[in-house]
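Written out below as structure tokens is the structure these notes cover.
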Amino acid sequence: MDHQPKFFENLSGAGKAIGVLTSGGDAQGMNAAVRAVVRMGIYVNAKVYFIYEGYQGMVDGGDNIVEVSWESVSSILQVGGTVIGSARCKSFRTREGRLQAALNLVQRGITNLCVIGGDGSLTGANLFREEWSGLLEELAQKGKIDAEAVKKYAYLNIVGMVGSIDNDFCGTDMTIGTDSALHRIIEVVDAIMTTAQSHQRTFVLEVMGRHCGYLALVSALACGADWVFIPEYPPEEGWEDTMCVKLSENRARKKRLNIIIVAEGAIDCHNKPITSEKVKDLVVQRLGFDTRVTILGHVQRGGTPSAFDRILASRMGVEAVLALLEATPDTPACVVSLSGNQAVRLPLMECVQMTQEVQKAMDEGRFLEAVRLRGRSFENNLNTYKLLSHRRPDAELPKTNFNVAVLNVGAPAAGMNAAVRAAVRVGITEGHKIFAVIDGFEGFARGKIKEISWGDVGGWTGQGGSILGTKRTLPAKYLEKIADQMRTNNINALMVIGGFEAFESCLQLYEARASFEEFSVPMCVLPATISNNVPGTDYSLGTDTALNAIVETCDRIKQSASGTKRRVFIIETMGGYCGYLANMGALAAGADAAYIFEEQFDIRELQANVEHLTEKMKTSIQRGLVLRNENCNENYTTDFIYQLYSEEGKGVFDCRKNVLGHMQQGGAPSPFDRNFGTKISAKAMQWISKKLKETYRKGKVFANTDDSVCLLGMRRRNLVFQPVAELKSETDFVHRIPKEQWWLKLRPLMKILAKYKTSYDVSDSGQLEHVAMLPKEAETGAI
């Protein structure tokens, strides 16, 4: 993409006033969005106002609309809910209410609004914008404002951000709060599973989602639930029998627990509600199983926002201010959202109309249409769930006589087991025999290979680490032995789940094809490493879990620092030479600086950072947080930076250091990693099946083309299979990182939010797209 970079320095907010409000139901991450809007607004020299209590505060005016400073939003990044309050407002629905709101805004010169809320709040904002000039004229006729004000404040610009835990807004992959709500649900499910296991119980869990089944569907996928009820996809007639048969079959296979997830808006095909109590009674009456109901309720809205939500909200907040600065009287009200890992702007009313279409389709019983309108990501989740949750009888399965081996390579990463489970189950459904290789290529060479069945991988999604065992050993030194094992076990395809070593391994096997024809089989690499340093993908499996571990620790450290005052913490993160964890961790934790290998720094920059922190200690925010990637510089070590800061900060602040170490590799996988692992693995196994059919000739598989050894990665908005041979040129093998990394574009964002002057390339943003034009293939950064 050859374009001249466009920098936002040319956009000035001088003379502009921006009002920010949160409206409708609260969602975790709203505060991160508020913080980003305030800081970006002040950064471009605009005035920024809090509008407390949503539209109610706009109508009431007075102390509800207050100009804010940089420090006003300190320490709110990690707080759930919304610190500026949210209220349902009846008066704003009347013209009188909106007239009063317009007066309150004009009196303060506010003609730019950033609204964070659901579709109702955003529709209200759009109506307000359409009526604006009429409202001002009416105010002038009543003598409340003069003709000069009517002219000066003639246009109202509006940008929306969707804050809703339900993820029920069309046009955006993930709404602010959805990922955090999934964290709450999965925490509860993981806890319930241990007690259910002890007593052989069935649990019926009710989750939020009156009109949208996203939370129920994704949590069912993430915990491997036995059954899920969602409003968009009601069960077929006679579901009661089908469900009971399935539950008792699972028990007969020695499964000690059953999990059933019900969305609060679940319905049957006659639009009659299906409640959690109804499901419980059915299980007890028909099967006599010990059954309990747990209704999660408002727990899902609470708690601290996840790393994903903080980064999403921070990016959206900055993008919203840019959109307001660029808005003209002719620009339609827009929503800033995320498609894949790209910020996009969409016309607000197109999104609202499409969201209402879904509800209409459901009301009219057009359920397949409703699922399609929810978007590609929702549809894929549903199809993957159907594929993995229900085992077809052996007699119905195709028989392909292909053997596929699955193995883990490199360091353990959360989500690996979810990927293995999906590979095994999809492989069996496709008719293959699946073989598990223990301990990576080292185990492969020693013949540690066994067939693995559907039931063997039950309950694997929530397990951290690598159950199969993993080693960093590359196959180069064992090529002959591995070829022997592949011949002995008649292995026709390989799925390699792991980090940079997995990519290198498949490259070595590909390059050894001339000497060993056993390697002329389809191979697929699934990137799984906390470092996120694999070429060909924007995200690796396990990165999200590691990022959450880092952010959680930083929150605790910040809390301890705010108690002692005037303290700066230096925190070392993992990642090899890749600065992703340090950079994104800094953005999500609200750090003051992040030192990474990709952006060289010298003693002058370290000195400037110390001076910056010295200035900060004079304000009301008397603490500092600095992240350092473990390999960012061989001489400026964590100890060196700690000693430098301690010396230079003498008398102003004191210093502490923390090396986070292997805690970043452990822990239960986050909902994102469970789902990402499940979905990419299912897709990869389907690709392997296709390649096996294409390359099967005269009774054997022979695949010798470049495109038969691929890495499945997420690129911008799509999941793509890329030949490892082609990725070779994109890779820096010395430092084990891709030559180009998308997230470096977000680096200035962290600096801006930490009050550094910097330049920010905004060439990618600023294009208003249309909802229907979003790529249909967008299999996205959404889970």
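Chain labels A, B, ... are given in the sequence in which chains occur in the structure tokens; within each chain residues are numbered consecutively from 1, and ligands are likewise numbered from 1 in the order shown.
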Would you mind listing what lies within 12 Å of Gln664 in chain A as a PyMOL selection string, with only C-alpha atoms counted and same-chain residues fewer than 5 positions away left out? chain A and resi 411-414+464-465+529-531+542-553+572-575+581-582+585+659+669
Could you name the residues that touch range 606-618 of chain A at 12 Å or less, counting only C-alpha atoms, but leaving out those on the same chain fewer than 5 positions away, as a ChimeraX atom specification? /A:70-71,74,562,565-570,591-595,600-601,623-626,628,636,640-655,751,754-757
Go ahead and write the residues just picked, C-alpha atoms, as an mmCIF file, in the first residue's frame.
data_model
loop_
_atom_site.group_PDB
_atom_site.id
_atom_site.type_symbol
_atom_site.label_atom_id
_atom_site.label_comp_id
_atom_site.auth_asym_id
_atom_site.auth_seq_id
_atom_site.Cartn_x
_atom_site.Cartn_y
_atom_site.Cartn_z
ATOM 1 C CA TRP A 70 -5.583 15.695 31.915
ATOM 2 C CA GLU A 71 -5.521 14.497 35.529
ATOM 3 C CA SER A 74 -6.072 9.430 35.897
ATOM 4 C CA SER A 562 -0.505 5.063 44.585
ATOM 5 C CA LYS A 565 3.198 8.012 46.422
ATOM 6 C CA ARG A 566 6.188 9.216 44.368
ATOM 7 C CA ARG A 567 7.186 5.753 43.253
ATOM 8 C CA VAL A 568 8.170 4.483 39.808
ATOM 9 C CA PHE A 569 8.034 0.789 38.891
ATOM 10 C CA ILE A 570 10.218 -0.787 36.184
ATOM 11 C CA ALA A 591 2.204 3.063 31.527
ATOM 12 C CA ASP A 592 4.489 6.075 31.069
ATOM 13 C CA ALA A 593 6.984 4.371 28.759
ATOM 14 C CA ALA A 594 7.748 1.027 27.121
ATOM 15 C CA TYR A 595 11.215 0.105 25.902
ATOM 16 C CA GLN A 600 15.994 1.775 19.285
ATOM 17 C CA PHE A 601 16.563 4.179 22.195
ATOM 18 C CA ARG A 623 3.340 7.297 40.478
ATOM 19 C CA GLY A 624 5.011 5.941 37.386
ATOM 20 C CA LEU A 625 4.997 2.686 35.440
ATOM 21 C CA VAL A 626 7.677 1.736 32.893
ATOM 22 C CA ARG A 628 10.759 -3.060 29.359
ATOM 23 C CA TYR A 636 20.392 -1.024 28.996
ATOM 24 C CA PHE A 640 20.663 -0.538 34.504
ATOM 25 C CA ILE A 641 17.384 1.317 33.878
ATOM 26 C CA TYR A 642 16.369 0.783 37.507
ATOM 27 C CA GLN A 643 19.695 2.191 38.768
ATOM 28 C CA LEU A 644 19.592 5.128 36.342
ATOM 29 C CA TYR A 645 16.043 6.074 37.380
ATOM 30 C CA SER A 646 16.937 5.640 41.075
ATOM 31 C CA GLU A 647 19.934 7.955 40.746
ATOM 32 C CA GLU A 648 18.304 10.599 38.533
ATOM 33 C CA GLY A 649 15.074 10.589 40.516
ATOM 34 C CA LYS A 650 16.749 11.050 43.911
ATOM 35 C CA GLY A 651 14.738 13.302 46.140
ATOM 36 C CA VAL A 652 11.811 13.317 43.676
ATOM 37 C CA PHE A 653 10.758 9.661 43.439
ATOM 38 C CA ASP A 654 12.047 6.259 44.437
ATOM 39 C CA CYS A 655 12.177 3.151 42.266
ATOM 40 C CA LYS A 751 2.889 7.958 24.074
ATOM 41 C CA ALA A 754 1.094 9.287 28.555
ATOM 42 C CA LYS A 755 1.464 12.988 27.551
ATOM 43 C CA TYR A 756 4.425 12.808 25.167
ATOM 44 C CA LYS A 757 4.527 14.882 22.000
#
Given the choices A:Lys255, A:Arg715, A:Lys691, A:His735, which gets closest to Asn533 in chain A if the distance is worked out from only C-alpha atoms? A:His735
Just checking: using only C-alpha atoms, which residue out of A:Ala222, A:Met316, A:Ile259, A:Leu338 ends up closest to Arg716 in chain A?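 Looking at the shortest contact to Arg716 in chain A, the residue is A:Leu338.
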Produce a table with one row for each residue of range 414-485 of chain A that has an atom at most 12 Å from any atom of range 226-250 of chain A, each row naming the nearest atom pair and its distance in Å at one decimal; use only C-alpha atoms; arrange rows by chain and rising residue number; format as a Markdown table.
| residue | atom | partner | partner_atom | distance |
| --- | --- | --- | --- | --- |
| A:Trp454 | CA | A:Asn250 | CA | 11.5 |
| A:Gly455 | CA | A:Asn250 | CA | 9.2 |
| A:Gly458 | CA | A:Asn250 | CA | 10.3 |
| A:Gly459 | CA | A:Asp226 | CA | 11.0 |
I need the chosen residues saved as a PDB file, in the first residue's frame, with N, CA, C and O atoms.
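Result file follows (out.pdb):
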ATOM      1  N   TRP A 454     -12.347 -38.882  20.174  1.00  0.00           N
ATOM      2  CA  TRP A 454     -13.248 -37.761  20.477  1.00  0.00           C
ATOM      3  C   TRP A 454     -13.298 -37.482  21.975  1.00  0.00           C
ATOM      4  O   TRP A 454     -13.127 -36.353  22.439  1.00  0.00           O
ATOM      5  N   GLY A 455     -13.512 -38.537  22.758  1.00  0.00           N
ATOM      6  CA  GLY A 455     -13.673 -38.377  24.212  1.00  0.00           C
ATOM      7  C   GLY A 455     -12.389 -37.986  24.929  1.00  0.00           C
ATOM      8  O   GLY A 455     -12.412 -37.361  25.989  1.00  0.00           O
ATOM      9  N   GLY A 458     -12.079 -34.229  25.770  1.00  0.00           N
ATOM     10  CA  GLY A 458     -13.157 -33.550  26.504  1.00  0.00           C
ATOM     11  C   GLY A 458     -12.583 -32.701  27.627  1.00  0.00           C
ATOM     12  O   GLY A 458     -11.669 -33.125  28.335  1.00  0.00           O
ATOM     13  N   GLY A 459     -13.084 -31.481  27.775  1.00  0.00           N
ATOM     14  CA  GLY A 459     -12.649 -30.616  28.875  1.00  0.00           C
ATOM     15  C   GLY A 459     -11.292 -29.968  28.663  1.00  0.00           C
ATOM     16  O   GLY A 459     -10.727 -29.373  29.581  1.00  0.00           O
TER      17      GLY A 459
END
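For range 291-344 of chain A, a DSSP pass over the backbone yields alpha helix (DSSP H) at A:Ala307, A:Phe308, A:Asp309, A:Arg310, A:Ile311, A:Leu312, A:Ala313, A:Ser314, A:Arg315, A:Met316, A:Gly317, A:Val318, A:Glu319, A:Ala320, A:Val321, A:Leu322, A:Ala323, A:Leu324, A:Leu325, A:Glu326.
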Which residues come within 10 Å of Val218 in chain A, counting only C-alpha atoms, excluding same-chain residues fewer than 5 positions away, as a ChimeraX atom specification? /A:182,186,213,223-224,228,378,381-382,385,671-672,674-675,783
One number please: CA of Val79 in chain A to CA of Lys657 in chain A, in Å, one decimal.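 If I compute the distance from CA of Val79 in chain A to CA of Lys657 in chain A, I get 24.2 Å.
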Which of these, A:Lys481, A:Arg93, A:Arg88, A:Lys693, has the shortest distance to Pro522 in chain A once you count only C-alpha atoms?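 That would be A:Lys693, the residue with the smallest distance to Pro522 in chain A.
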